[in-house]
Structures are given as C-alpha cells and as structure tokens.
file structure_10.json (JSON, C-alpha atoms)
[["chain", "number", "residue", "atom", "x", "y", "z"],
["J", 127, "MET", "CA", -115.90, 115.24, -3.41],
["J", 128, "THR", "CA", -114.20, 117.18, -0.67],
["J", 129, "THR", "CA", -115.92, 119.06, 2.15],
["J", 130, "ILE", "CA", -114.43, 122.48, 2.82],
["J", 131, "GLY", "CA", -115.21, 125.43, 5.03],
["J", 132, "VAL", "CA", -113.74, 128.92, 5.22],
["J", 133, "ALA", "CA", -113.29, 130.59, 8.58],
["J", 134, "ILE", "CA", -111.41, 133.13, 10.65],
["J", 135, "PRO", "CA", -109.34, 131.23, 13.20],
["J", 136, "ILE", "CA", -109.47, 132.73, 16.70],
["J", 137, "ALA", "CA", -106.06, 134.17, 17.60],
["J", 138, "GLU", "CA", -104.00, 132.62, 20.37],
["J", 139, "PRO", "CA", -104.18, 132.25, 23.26],
["J", 140, "TYR", "CA", -107.95, 132.71, 22.92],
["J", 141, "GLY", "CA", -108.53, 129.93, 20.37],
["J", 142, "THR", "CA", -106.97, 127.27, 22.58],
["J", 143, "GLU", "CA", -108.66, 128.72, 25.67],
["J", 144, "LEU", "CA", -112.14, 128.58, 24.12],
["J", 145, "GLN", "CA", -111.50, 125.10, 22.69],
["J", 146, "LYS", "CA", -110.58, 123.91, 26.21],
["J", 147, "TYR", "CA", -113.78, 125.41, 27.59],
["J", 148, "ARG", "CA", -115.75, 123.60, 24.87],
["J", 149, "ALA", "CA", -114.11, 120.30, 25.83],
["J", 150, "ASP", "CA", -114.73, 120.95, 29.55],
["J", 151, "PHE", "CA", -118.44, 121.51, 28.84],
["J", 152, "GLY", "CA", -118.51, 117.98, 27.39],
["J", 153, "ASP", "CA", -118.82, 118.87, 23.70],
["J", 154, "PRO", "CA", -117.49, 115.83, 21.81],
["J", 155, "MET", "CA", -116.68, 118.00, 18.77],
["J", 156, "ALA", "CA", -114.22, 120.20, 20.72],
["J", 157, "ALA", "CA", -111.15, 118.28, 19.54],
["J", 158, "SER", "CA", -112.41, 118.05, 15.94],
["J", 159, "ILE", "CA", -113.27, 121.69, 15.24],
["J", 160, "PRO", "CA", -110.69, 124.47, 15.67],
["J", 161, "THR", "CA", -112.10, 127.60, 17.31],
["J", 162, "HIS", "CA", -113.31, 129.94, 14.56],
["J", 163, "VAL", "CA", -115.81, 132.38, 13.09],
["J", 164, "THR", "CA", -117.42, 130.77, 10.03],
["J", 165, "LEU", "CA", -117.33, 132.57, 6.69],
["J", 166, "LEU", "CA", -118.42, 129.59, 4.53],
["J", 167, "PRO", "CA", -120.20, 126.67, 6.21],
["J", 168, "PRO", "CA", -119.33, 123.07, 5.29],
["J", 169, "THR", "CA", -119.61, 122.85, 1.51],
["J", 170, "ASP", "CA", -119.03, 119.87, -0.78],
["J", 171, "ILE", "CA", -116.87, 120.61, -3.80],
["J", 172, "ALA", "CA", -115.16, 118.60, -6.52],
["J", 173, "ALA", "CA", -111.47, 118.16, -5.67],
["J", 174, "GLY", "CA", -110.61, 119.57, -9.10],
["J", 175, "ASP", "CA", -112.23, 122.89, -8.15],
["J", 176, "LEU", "CA", -109.76, 123.68, -5.35],
["J", 177, "GLU", "CA", -107.42, 125.71, -7.56],
["J", 178, "THR", "CA", -110.27, 127.94, -8.79],
["J", 179, "ILE", "CA", -111.59, 128.31, -5.24],
["J", 180, "ASP", "CA", -108.16, 129.24, -3.87],
["J", 181, "GLU", "CA", -107.72, 131.84, -6.64],
["J", 182, "HIS", "CA", -111.11, 133.30, -5.67],
["J", 183, "LEU", "CA", -110.17, 133.37, -1.97],
["J", 184, "LEU", "CA", -106.79, 134.98, -2.73],
["J", 185, "ALA", "CA", -108.57, 137.73, -4.69],
["J", 186, "VAL", "CA", -111.05, 138.34, -1.86],
["J", 187, "ALA", "CA", -108.27, 138.51, 0.75],
["J", 188, "ALA", "CA", -106.12, 140.80, -1.41],
["J", 189, "ARG", "CA", -108.77, 143.51, -1.44],
["J", 190, "PHE", "CA", -110.07, 143.12, 2.14],
["J", 191, "PRO", "CA", -108.44, 145.10, 4.98],
["J", 192, "ARG", "CA", -107.44, 143.73, 8.36],
["J", 193, "PHE", "CA", -109.93, 144.38, 11.15],
["J", 194, "ARG", "CA", -110.49, 143.81, 14.87],
["J", 195, "ILE", "CA", -112.74, 141.27, 16.47],
["J", 196, "ARG", "CA", -113.86, 141.59, 20.04],
["J", 197, "LEU", "CA", -115.58, 138.62, 21.65],
["J", 198, "ARG", "CA", -117.66, 139.36, 24.72],
["J", 199, "GLY", "CA", -120.16, 137.45, 26.87],
["J", 200, "THR", "CA", -122.40, 134.60, 25.79],
["J", 201, "ALA", "CA", -125.57, 134.11, 23.79],
["J", 202, "THR", "CA", -127.59, 131.18, 22.50],
["J", 203, "PHE", "CA", -129.63, 130.06, 19.52],
["J", 204, "ARG", "CA", -132.02, 128.12, 21.79],
["J", 205, "PRO", "CA", -134.78, 127.06, 21.33],
["J", 206, "ILE", "CA", -134.15, 126.94, 17.55],
["J", 207, "SER", "CA", -130.79, 125.21, 17.91],
["J", 208, "PRO", "CA", -129.00, 123.83, 21.02],
["J", 209, "VAL", "CA", -125.97, 126.13, 20.74],
["J", 210, "VAL", "CA", -124.21, 128.46, 23.17],
["J", 211, "PHE", "CA", -121.71, 130.87, 21.68],
["J", 212, "VAL", "CA", -119.52, 133.86, 22.36],
["J", 213, "PRO", "CA", -120.85, 136.75, 20.25],
["J", 214, "LEU", "CA", -118.85, 139.42, 18.49],
["J", 215, "ALA", "CA", -119.02, 142.84, 20.13],
["J", 216, "GLU", "CA", -116.78, 144.32, 17.42],
["J", 217, "GLY", "CA", -116.10, 143.18, 13.87],
["J", 218, "ILE", "CA", -119.64, 142.07, 12.98],
["J", 219, "SER", "CA", -119.99, 144.22, 9.85],
["J", 220, "SER", "CA", -116.52, 143.29, 8.61],
["J", 221, "CYS", "CA", -117.38, 139.59, 9.01],
["J", 222, "GLU", "CA", -120.70, 140.10, 7.22],
["J", 223, "VAL", "CA", -119.06, 141.82, 4.25],
["J", 224, "LEU", "CA", -116.17, 139.33, 4.15],
["J", 225, "GLN", "CA", -118.44, 136.28, 4.23],
["J", 226, "SER", "CA", -120.59, 137.69, 1.41],
["J", 227, "GLN", "CA", -117.47, 138.14, -0.71],
["J", 228, "VAL", "CA", -116.20, 134.65, 0.17],
["J", 229, "ARG", "CA", -119.63, 133.18, -0.69],
["J", 230, "SER", "CA", -119.59, 134.61, -4.21],
["J", 231, "GLY", "CA", -118.33, 133.32, -7.54],
["J", 232, "PRO", "CA", -117.34, 129.63, -7.29],
["J", 233, "LEU", "CA", -118.46, 129.52, -3.65],
["J", 234, "GLN", "CA", -121.93, 130.95, -4.08],
["J", 235, "VAL", "CA", -124.08, 128.86, -1.74],
["J", 236, "ASP", "CA", -127.36, 129.48, 0.02],
["J", 237, "LEU", "CA", -127.35, 129.59, 3.80],
["J", 238, "LYS", "CA", -129.72, 127.52, 5.92],
["J", 239, "PHE", "CA", -129.98, 130.39, 8.44],
["J", 240, "PRO", "CA", -129.17, 134.13, 8.17],
["J", 241, "TYR", "CA", -125.45, 134.80, 8.70],
["J", 242, "HIS", "CA", -124.61, 135.58, 12.33],
["J", 243, "PRO", "CA", -120.88, 135.68, 13.16],
["J", 244, "HIS", "CA", -120.10, 133.92, 16.45],
["J", 245, "VAL", "CA", -117.81, 131.41, 18.17],
["J", 246, "THR", "CA", -119.54, 128.19, 19.21],
["J", 247, "VAL", "CA", -118.58, 126.93, 22.68],
["J", 248, "ALA", "CA", -121.26, 124.26, 23.22],
["J", 249, "HIS", "CA", -123.38, 122.40, 20.66],
["J", 250, "ASP", "CA", -125.91, 119.55, 20.89],
["J", 251, "LEU", "CA", -125.45, 119.11, 24.63],
["J", 252, "ASP", "CA", -128.09, 118.62, 27.31],
["J", 253, "LYS", "CA", -129.77, 121.63, 28.90],
["J", 254, "ASP", "CA", -127.57, 121.58, 32.03],
["J", 255, "ALA", "CA", -124.34, 121.57, 30.01],
["J", 256, "LEU", "CA", -125.63, 124.38, 27.79],
["J", 257, "ASP", "CA", -126.63, 126.40, 30.86],
["J", 258, "ARG", "CA", -123.20, 125.78, 32.42],
["J", 259, "ALA", "CA", -121.47, 127.01, 29.23],
["J", 260, "TYR", "CA", -123.72, 130.07, 29.10],
["J", 261, "ASP", "CA", -122.95, 130.99, 32.71],
["J", 262, "ALA", "CA", -119.23, 130.14, 32.71],
["J", 263, "LEU", "CA", -118.39, 132.46, 29.82],
["J", 264, "SER", "CA", -120.92, 135.22, 30.54],
["J", 265, "GLU", "CA", -118.10, 137.67, 31.31],
["J", 266, "TYR", "CA", -115.66, 136.44, 28.66],
["J", 267, "ASP", "CA", -113.87, 139.28, 26.86],
["J", 268, "CYS", "CA", -110.98, 139.31, 24.40],
["J", 269, "ASP", "CA", -109.98, 141.09, 21.21],
["J", 270, "PHE", "CA", -107.49, 140.53, 18.39],
["J", 271, "GLU", "CA", -106.67, 141.70, 14.89],
["J", 272, "VAL", "CA", -107.83, 139.51, 12.01],
["J", 273, "GLU", "CA", -104.85, 139.15, 9.70],
["J", 274, "TYR", "CA", -106.08, 136.25, 7.55],
["J", 275, "PHE", "CA", -108.77, 133.64, 7.04],
["J", 276, "SER", "CA", -108.29, 129.97, 6.24],
["J", 277, "ARG", "CA", -109.72, 127.22, 4.07],
["J", 278, "TYR", "CA", -110.37, 124.05, 6.07],
["J", 279, "GLU", "CA", -111.00, 120.50, 4.90],
["J", 280, "HIS", "CA", -113.06, 117.91, 6.72],
["J", 281, "GLY", "CA", -110.93, 114.78, 7.10],
["J", 282, "ALA", "CA", -112.13, 111.20, 6.85],
["J", 283, "ASP", "CA", -111.53, 111.04, 10.62],
["J", 284, "GLY", "CA", -114.08, 113.83, 11.19],
["J", 285, "VAL", "CA", -111.46, 116.47, 12.06],
["J", 286, "TRP", "CA", -111.43, 119.91, 10.42],
["J", 287, "ARG", "CA", -107.90, 120.97, 9.45],
["J", 288, "PRO", "CA", -106.64, 124.26, 7.99],
["J", 289, "GLN", "CA", -105.22, 123.72, 4.49],
["J", 290, "ARG", "CA", -104.33, 127.22, 3.38],
["J", 291, "SER", "CA", -104.38, 130.75, 4.80],
["J", 292, "PHE", "CA", -105.31, 133.89, 2.90],
["J", 293, "PRO", "CA", -103.70, 137.10, 4.27],
["J", 294, "LEU", "CA", -105.90, 140.20, 4.33],
["J", 295, "ALA", "CA", -104.12, 142.88, 2.35],
["J", 296, "GLY", "CA", -106.72, 145.47, 1.27]]
call {"tool": "encode", "arguments": {"input": "structure_10.json", "output": "structure tokens"}}
result
Amino acid sequence: MTTIGVAIPIAEPYGTELQKYRADFGDPMAASIPTHVTLLPPTDIAAGDLETIDEHLLAVAARFPRFRIRLRGTATFRPISPVVFVPLAEGISSCEVLQSQVRSGPLQVDLKFPYHPHVTVAHDLDKDALDRAYDALSEYDCDFEVEYFSRYEHGADGVWRPQRSFPLAG
C-alpha cells in the first residue's frame, strides 16, 4: 500500500513563507508537509493502482480551467479540532468543484468532515501557540493563479513529497 494525497501547492513565495510561519509557531509537521490546499486527503491505495489514478487525474485536469486563489486572514476549527488556518477569500467554489471531480472514479472516498478549502498554519499545538498563529497572520493577504495540482506520496520518513503535477487545461 501507498498513501497518497492530491493538493494544490501554494505558489511561491507564499508557500515557503507560510511554511516558515508554521515552523516558527512550533508545528513539528511544518518541515514534513508542503504548504497546500487539500483536494484528496491522505488515502491508502495499492501501488498497482497509480497508473489508473494518474490517468483519472490527467482527465480531470484536462477539462478544468485555471483559477485564482486569494488567501486572507485567519480562522480556526477550534474547539472541534486544534487547527489555525488561512482561509480562501477567492477560489472556494473552484476548489469545491475540483475536489469533487478528483474524489470521483478510482478516488471516490468519503470525507470525515465536510470539505472546506484552507491552508493549515498550526495544528495540534497548545492554546498559546494556536492563539499566536491566529493573531500573527490575521492580516495575511496574497493571491495567485492555480495552474496545476499535484499528487503527493507519504514517505516512510513521514514527509509528503510531490510525485506528479497535473496542469489545468480546461
């Protein structure tokens, strides 16, 4: 079995900037998880299914147009989950439609929570660290064009690495 995820990487310089913030807040996962908007959460698949999955993802990307994402401010899933994130102010509906297309066919999986596109900046930290993250990025604002999404694999070392990109061409 292989654990994969599908996500929109955050364009530079914003991806590196937000990953540095996450590390500065004390999140031990900052170095292991590239900054992203999830389209398919961690999913176990048989290694032999990768070709079929990549064909599916290529087909989705081929018919989906590029779009803009704007990240602005902070929000949290507390008290349900100890997470602080930067929400999308633009691009929400495109992410919702794209993730539903990604999570179809060979990648049809049920979600634990309703889909809510966001960029995590602090997770499973103490209250003070979560509060610090919430306050520090409360005026964060950036935007970029989404040109592709990527399939990631979870390595034996616990690090998520991009394996293949799928250019949006619709």
call {"tool": "closest_residue", "arguments": {"input": "structure_10.json", "among": "J:Trp286, J:Ile218, J:Ala137, J:Leu165", "to": "Leu183 (chain J)", "atoms": "only C-alpha atoms"}}
result
J:Leu165
call {"tool": "residues_around", "arguments": {"input": "structure_10.json", "residues": "Ala295 (chain J)", "least_positions_apart": "2", "cutoff": "6 Å", "atoms": "only C-alpha atoms", "output": "list in words"}}
result
Ala188, Phe190 and Pro191 of chain J
call {"tool": "closest_residue", "arguments": {"input": "structure_10.json", "among": "J:Leu256, J:Val223, J:Ile179, J:Ile195", "to": "Pro135 (chain J)", "atoms": "all atoms listed in the file"}}
result
J:Ile195
call {"tool": "closest_residue", "arguments": {"input": "structure_10.json", "among": "J:Leu251, J:Ala156, J:Leu144, J:Ala173", "to": "Ile130 (chain J)", "atoms": "all atoms listed in the file"}}
result
J:Ala173
call {"tool": "closest_residue", "arguments": {"input": "structure_10.json", "among": "J:Ile159, J:Glu143, J:Lys253, J:Ser226", "to": "Pro205 (chain J)", "atoms": "all atoms listed in the file"}}
result
J:Lys253
call {"tool": "residues_around", "arguments": {"input": "structure_10.json", "residues": "Phe193 (chain J)", "least_positions_apart": "4", "cutoff": "8 Å", "atoms": "all atoms listed in the file", "output": "PyMOL selection string"}}
result
chain J and resi 217+220+271-273
call {"tool": "atom_distance", "arguments": {"input": "structure_10.json", "atom1": "CA of Val132 (chain J)", "atom2": "CA of Ala248 (chain J)"}}
result
20.1 Å
call {"tool": "residues_around", "arguments": {"input": "structure_10.json", "residues": "Gln227 (chain J)", "least_positions_apart": "6", "cutoff": "10 Å", "atoms": "only C-alpha atoms", "output": "PyMOL selection string"}}
result
chain J and resi 165+182-183+185-187+190+221+233-234
call {"tool": "write_last_selection", "arguments": {"input": "structure_10.json", "atoms": "C-alpha atoms", "output": "compact mmCIF listing (two decimals), in the frame of the given file"}}
result
# COMPACT_ATOMS: atom_id res chain seq x y z
CA LEU J 165 -117.33 132.57 6.69
CA HIS J 182 -111.11 133.30 -5.67
CA LEU J 183 -110.17 133.37 -1.97
CA ALA J 185 -108.57 137.73 -4.69
CA VAL J 186 -111.05 138.34 -1.86
CA ALA J 187 -108.27 138.51 0.75
CA PHE J 190 -110.07 143.12 2.14
CA CYS J 221 -117.38 139.59 9.01
CA LEU J 233 -118.46 129.52 -3.65
CA GLN J 234 -121.93 130.95 -4.08
call {"tool": "closest_residue", "arguments": {"input": "structure_10.json", "among": "J:Pro213, J:Pro167, J:Pro208, J:Gly199", "to": "Asp250 (chain J)", "atoms": "all atoms listed in the file"}}
result
J:Pro208
call {"tool": "residues_around", "arguments": {"input": "structure_10.json", "residues": "Gln289 (chain J)", "least_positions_apart": "3", "cutoff": "9 Å", "atoms": "only C-alpha atoms", "output": "PyMOL selection string"}}
result
chain J and resi 276-279
call {"tool": "residues_near_point", "arguments": {"input": "structure_10.json", "point": "(-123.2, 125.0, 31.2)", "cutoff": "10 Å", "atoms": "all atoms listed in the file", "output": "VMD selection string"}}
result
chain J and resid 148 150 to 152 210 247 to 248 251 to 263
call {"tool": "write_last_selection", "arguments": {"input": "structure_10.json", "atoms": "C-alpha atoms", "output": "PDB file, in the coordinates of the input"}}
result
ATOM      1  CA  ARG J 148    -115.750 123.600  24.870  1.00  0.00           C
ATOM      2  CA  ASP J 150    -114.730 120.950  29.550  1.00  0.00           C
ATOM      3  CA  PHE J 151    -118.440 121.510  28.840  1.00  0.00           C
ATOM      4  CA  GLY J 152    -118.510 117.980  27.390  1.00  0.00           C
ATOM      5  CA  VAL J 210    -124.210 128.460  23.170  1.00  0.00           C
ATOM      6  CA  VAL J 247    -118.580 126.930  22.680  1.00  0.00           C
ATOM      7  CA  ALA J 248    -121.260 124.260  23.220  1.00  0.00           C
ATOM      8  CA  LEU J 251    -125.450 119.110  24.630  1.00  0.00           C
ATOM      9  CA  ASP J 252    -128.090 118.620  27.310  1.00  0.00           C
ATOM     10  CA  LYS J 253    -129.770 121.630  28.900  1.00  0.00           C
ATOM     11  CA  ASP J 254    -127.570 121.580  32.030  1.00  0.00           C
ATOM     12  CA  ALA J 255    -124.340 121.570  30.010  1.00  0.00           C
ATOM     13  CA  LEU J 256    -125.630 124.380  27.790  1.00  0.00           C
ATOM     14  CA  ASP J 257    -126.630 126.400  30.860  1.00  0.00           C
ATOM     15  CA  ARG J 258    -123.200 125.780  32.420  1.00  0.00           C
ATOM     16  CA  ALA J 259    -121.470 127.010  29.230  1.00  0.00           C
ATOM     17  CA  TYR J 260    -123.720 130.070  29.100  1.00  0.00           C
ATOM     18  CA  ASP J 261    -122.950 130.990  32.710  1.00  0.00           C
ATOM     19  CA  ALA J 262    -119.230 130.140  32.710  1.00  0.00           C
ATOM     20  CA  LEU J 263    -118.390 132.460  29.820  1.00  0.00           C
TER      21      LEU J 263
END
call {"tool": "closest_residue", "arguments": {"input": "structure_10.json", "among": "J:Thr246, J:Ser207, J:Gly296, J:Arg290", "to": "Glu181 (chain J)", "atoms": "only C-alpha atoms"}}
result
J:Arg290
call {"tool": "atom_distance", "arguments": {"input": "structure_10.json", "atom1": "CA of Phe203 (chain J)", "atom2": "CA of Asp170 (chain J)"}}
result
25.1 Å
call {"tool": "atom_distance", "arguments": {"input": "structure_10.json", "atom1": "CA of His162 (chain J)", "atom2": "CA of His244 (chain J)"}}
result
8.1 Å
call {"tool": "residues_around", "arguments": {"input": "structure_10.json", "residues": "Thr169 (chain J)", "least_positions_apart": "3", "cutoff": "9 Å", "atoms": "all atoms listed in the file", "output": "PyMOL selection string"}}
result
chain J and resi 128-131+166+233+235
call {"tool": "decode", "arguments": {"input": "structure_10.json", "residues": "region 134-230 of chain J", "atoms": "C-alpha atoms", "output": "PDB file, in the first residue's frame"}}
result
ATOM      1  CA  ILE J 134      -2.928  22.479  -4.870  1.00  0.00           C
ATOM      2  CA  PRO J 135       0.550  23.651  -3.888  1.00  0.00           C
ATOM      3  CA  ILE J 136       0.678  27.266  -2.717  1.00  0.00           C
ATOM      4  CA  ALA J 137       2.600  29.361  -5.258  1.00  0.00           C
ATOM      5  CA  GLU J 138       5.929  30.905  -4.333  1.00  0.00           C
ATOM      6  CA  PRO J 139       6.948  32.915  -2.481  1.00  0.00           C
ATOM      7  CA  TYR J 140       3.800  32.349  -0.396  1.00  0.00           C
ATOM      8  CA  GLY J 141       4.222  28.592   0.081  1.00  0.00           C
ATOM      9  CA  THR J 142       7.672  28.949   1.629  1.00  0.00           C
ATOM     10  CA  GLU J 143       6.559  31.992   3.633  1.00  0.00           C
ATOM     11  CA  LEU J 144       3.591  30.162   5.186  1.00  0.00           C
ATOM     12  CA  GLN J 145       5.687  27.046   5.831  1.00  0.00           C
ATOM     13  CA  LYS J 146       8.205  29.220   7.717  1.00  0.00           C
ATOM     14  CA  TYR J 147       5.401  30.720   9.793  1.00  0.00           C
ATOM     15  CA  ARG J 148       4.169  27.197  10.597  1.00  0.00           C
ATOM     16  CA  ALA J 149       7.655  26.208  11.758  1.00  0.00           C
ATOM     17  CA  ASP J 150       8.005  29.414  13.806  1.00  0.00           C
ATOM     18  CA  PHE J 151       4.730  28.639  15.596  1.00  0.00           C
ATOM     19  CA  GLY J 152       6.321  25.358  16.725  1.00  0.00           C
ATOM     20  CA  ASP J 153       4.379  22.963  14.498  1.00  0.00           C
ATOM     21  CA  PRO J 154       6.574  19.844  14.199  1.00  0.00           C
ATOM     22  CA  MET J 155       4.890  18.907  10.895  1.00  0.00           C
ATOM     23  CA  ALA J 156       5.996  22.131   9.154  1.00  0.00           C
ATOM     24  CA  ALA J 157       9.020  20.509   7.501  1.00  0.00           C
ATOM     25  CA  SER J 158       7.083  17.363   6.531  1.00  0.00           C
ATOM     26  CA  ILE J 159       4.045  18.886   4.813  1.00  0.00           C
ATOM     27  CA  PRO J 160       4.407  21.288   1.875  1.00  0.00           C
ATOM     28  CA  THR J 161       2.021  24.251   2.045  1.00  0.00           C
ATOM     29  CA  HIS J 162      -1.149  23.324   0.149  1.00  0.00           C
ATOM     30  CA  VAL J 163      -4.919  23.273  -0.262  1.00  0.00           C
ATOM     31  CA  THR J 164      -6.111  19.665   0.022  1.00  0.00           C
ATOM     32  CA  LEU J 165      -8.201  18.149  -2.767  1.00  0.00           C
ATOM     33  CA  LEU J 166      -7.910  14.499  -1.629  1.00  0.00           C
ATOM     34  CA  PRO J 167      -6.924  13.776   1.980  1.00  0.00           C
ATOM     35  CA  PRO J 168      -4.413  11.017   2.803  1.00  0.00           C
ATOM     36  CA  THR J 169      -5.707   7.881   1.084  1.00  0.00           C
ATOM     37  CA  ASP J 170      -4.230   4.374   1.047  1.00  0.00           C
ATOM     38  CA  ILE J 171      -4.058   2.787  -2.389  1.00  0.00           C
ATOM     39  CA  ALA J 172      -2.470  -0.292  -3.922  1.00  0.00           C
ATOM     40  CA  ALA J 173       0.772   0.664  -5.685  1.00  0.00           C
ATOM     41  CA  GLY J 174      -0.545  -1.039  -8.827  1.00  0.00           C
ATOM     42  CA  ASP J 175      -3.421   1.461  -8.983  1.00  0.00           C
ATOM     43  CA  LEU J 176      -1.181   4.506  -9.545  1.00  0.00           C
ATOM     44  CA  GLU J 177      -1.391   4.362 -13.340  1.00  0.00           C
ATOM     45  CA  THR J 178      -5.210   4.310 -13.272  1.00  0.00           C
ATOM     46  CA  ILE J 179      -5.259   7.111 -10.699  1.00  0.00           C
ATOM     47  CA  ASP J 180      -2.866   9.264 -12.736  1.00  0.00           C
ATOM     48  CA  GLU J 181      -4.993   8.735 -15.864  1.00  0.00           C
ATOM     49  CA  HIS J 182      -8.040   9.866 -13.872  1.00  0.00           C
ATOM     50  CA  LEU J 183      -6.204  12.943 -12.557  1.00  0.00           C
ATOM     51  CA  LEU J 184      -4.943  13.828 -16.049  1.00  0.00           C
ATOM     52  CA  ALA J 185      -8.520  13.685 -17.362  1.00  0.00           C
ATOM     53  CA  VAL J 186      -9.795  15.896 -14.523  1.00  0.00           C
ATOM     54  CA  ALA J 187      -7.024  18.461 -15.065  1.00  0.00           C
ATOM     55  CA  ALA J 188      -7.512  18.478 -18.846  1.00  0.00           C
ATOM     56  CA  ARG J 189     -11.094  19.692 -18.530  1.00  0.00           C
ATOM     57  CA  PHE J 190     -10.659  22.056 -15.548  1.00  0.00           C
ATOM     58  CA  PRO J 191      -9.744  25.729 -16.149  1.00  0.00           C
ATOM     59  CA  ARG J 192      -7.102  27.690 -14.292  1.00  0.00           C
ATOM     60  CA  PHE J 193      -8.428  29.894 -11.497  1.00  0.00           C
ATOM     61  CA  ARG J 194      -7.299  32.376  -8.846  1.00  0.00           C
ATOM     62  CA  ILE J 195      -6.914  31.748  -5.156  1.00  0.00           C
ATOM     63  CA  ARG J 196      -6.775  34.567  -2.681  1.00  0.00           C
ATOM     64  CA  LEU J 197      -5.747  33.778   0.881  1.00  0.00           C
ATOM     65  CA  ARG J 198      -6.726  36.307   3.508  1.00  0.00           C
ATOM     66  CA  GLY J 199      -6.723  36.462   7.312  1.00  0.00           C
ATOM     67  CA  THR J 200      -7.006  33.553   9.719  1.00  0.00           C
ATOM     68  CA  ALA J 201      -9.674  31.213  11.011  1.00  0.00           C
ATOM     69  CA  THR J 202      -9.813  28.130  13.198  1.00  0.00           C
ATOM     70  CA  PHE J 203     -11.595  24.812  13.557  1.00  0.00           C
ATOM     71  CA  ARG J 204     -11.454  25.056  17.365  1.00  0.00           C
ATOM     72  CA  PRO J 205     -12.995  23.637  19.508  1.00  0.00           C
ATOM     73  CA  ILE J 206     -13.676  20.704  17.139  1.00  0.00           C
ATOM     74  CA  SER J 207     -10.054  20.447  16.007  1.00  0.00           C
ATOM     75  CA  PRO J 208      -6.921  22.315  17.205  1.00  0.00           C
ATOM     76  CA  VAL J 209      -6.166  23.943  13.842  1.00  0.00           C
ATOM     77  CA  VAL J 210      -5.492  27.522  12.753  1.00  0.00           C
ATOM     78  CA  PHE J 211      -5.584  28.184   9.031  1.00  0.00           C
ATOM     79  CA  VAL J 212      -5.551  30.863   6.367  1.00  0.00           C
ATOM     80  CA  PRO J 213      -8.942  30.756   4.608  1.00  0.00           C
ATOM     81  CA  LEU J 214      -9.635  31.296   0.938  1.00  0.00           C
ATOM     82  CA  ALA J 215     -11.281  34.614   0.137  1.00  0.00           C
ATOM     83  CA  GLU J 216     -11.398  33.726  -3.570  1.00  0.00           C
ATOM     84  CA  GLY J 217     -11.359  30.360  -5.326  1.00  0.00           C
ATOM     85  CA  ILE J 218     -13.568  28.460  -2.869  1.00  0.00           C
ATOM     86  CA  SER J 219     -16.118  27.259  -5.433  1.00  0.00           C
ATOM     87  CA  SER J 220     -13.417  26.248  -7.905  1.00  0.00           C
ATOM     88  CA  CYS J 221     -11.699  24.196  -5.181  1.00  0.00           C
ATOM     89  CA  GLU J 222     -15.018  22.606  -4.206  1.00  0.00           C
ATOM     90  CA  VAL J 223     -15.794  21.563  -7.777  1.00  0.00           C
ATOM     91  CA  LEU J 224     -12.220  20.420  -8.444  1.00  0.00           C
ATOM     92  CA  GLN J 225     -12.032  18.298  -5.292  1.00  0.00           C
ATOM     93  CA  SER J 226     -15.354  16.622  -6.111  1.00  0.00           C
ATOM     94  CA  GLN J 227     -14.019  15.705  -9.549  1.00  0.00           C
ATOM     95  CA  VAL J 228     -10.708  14.477  -8.088  1.00  0.00           C
ATOM     96  CA  ARG J 229     -12.622  12.395  -5.499  1.00  0.00           C
ATOM     97  CA  SER J 230     -14.578  10.508  -8.160  1.00  0.00           C
TER      98      SER J 230
END
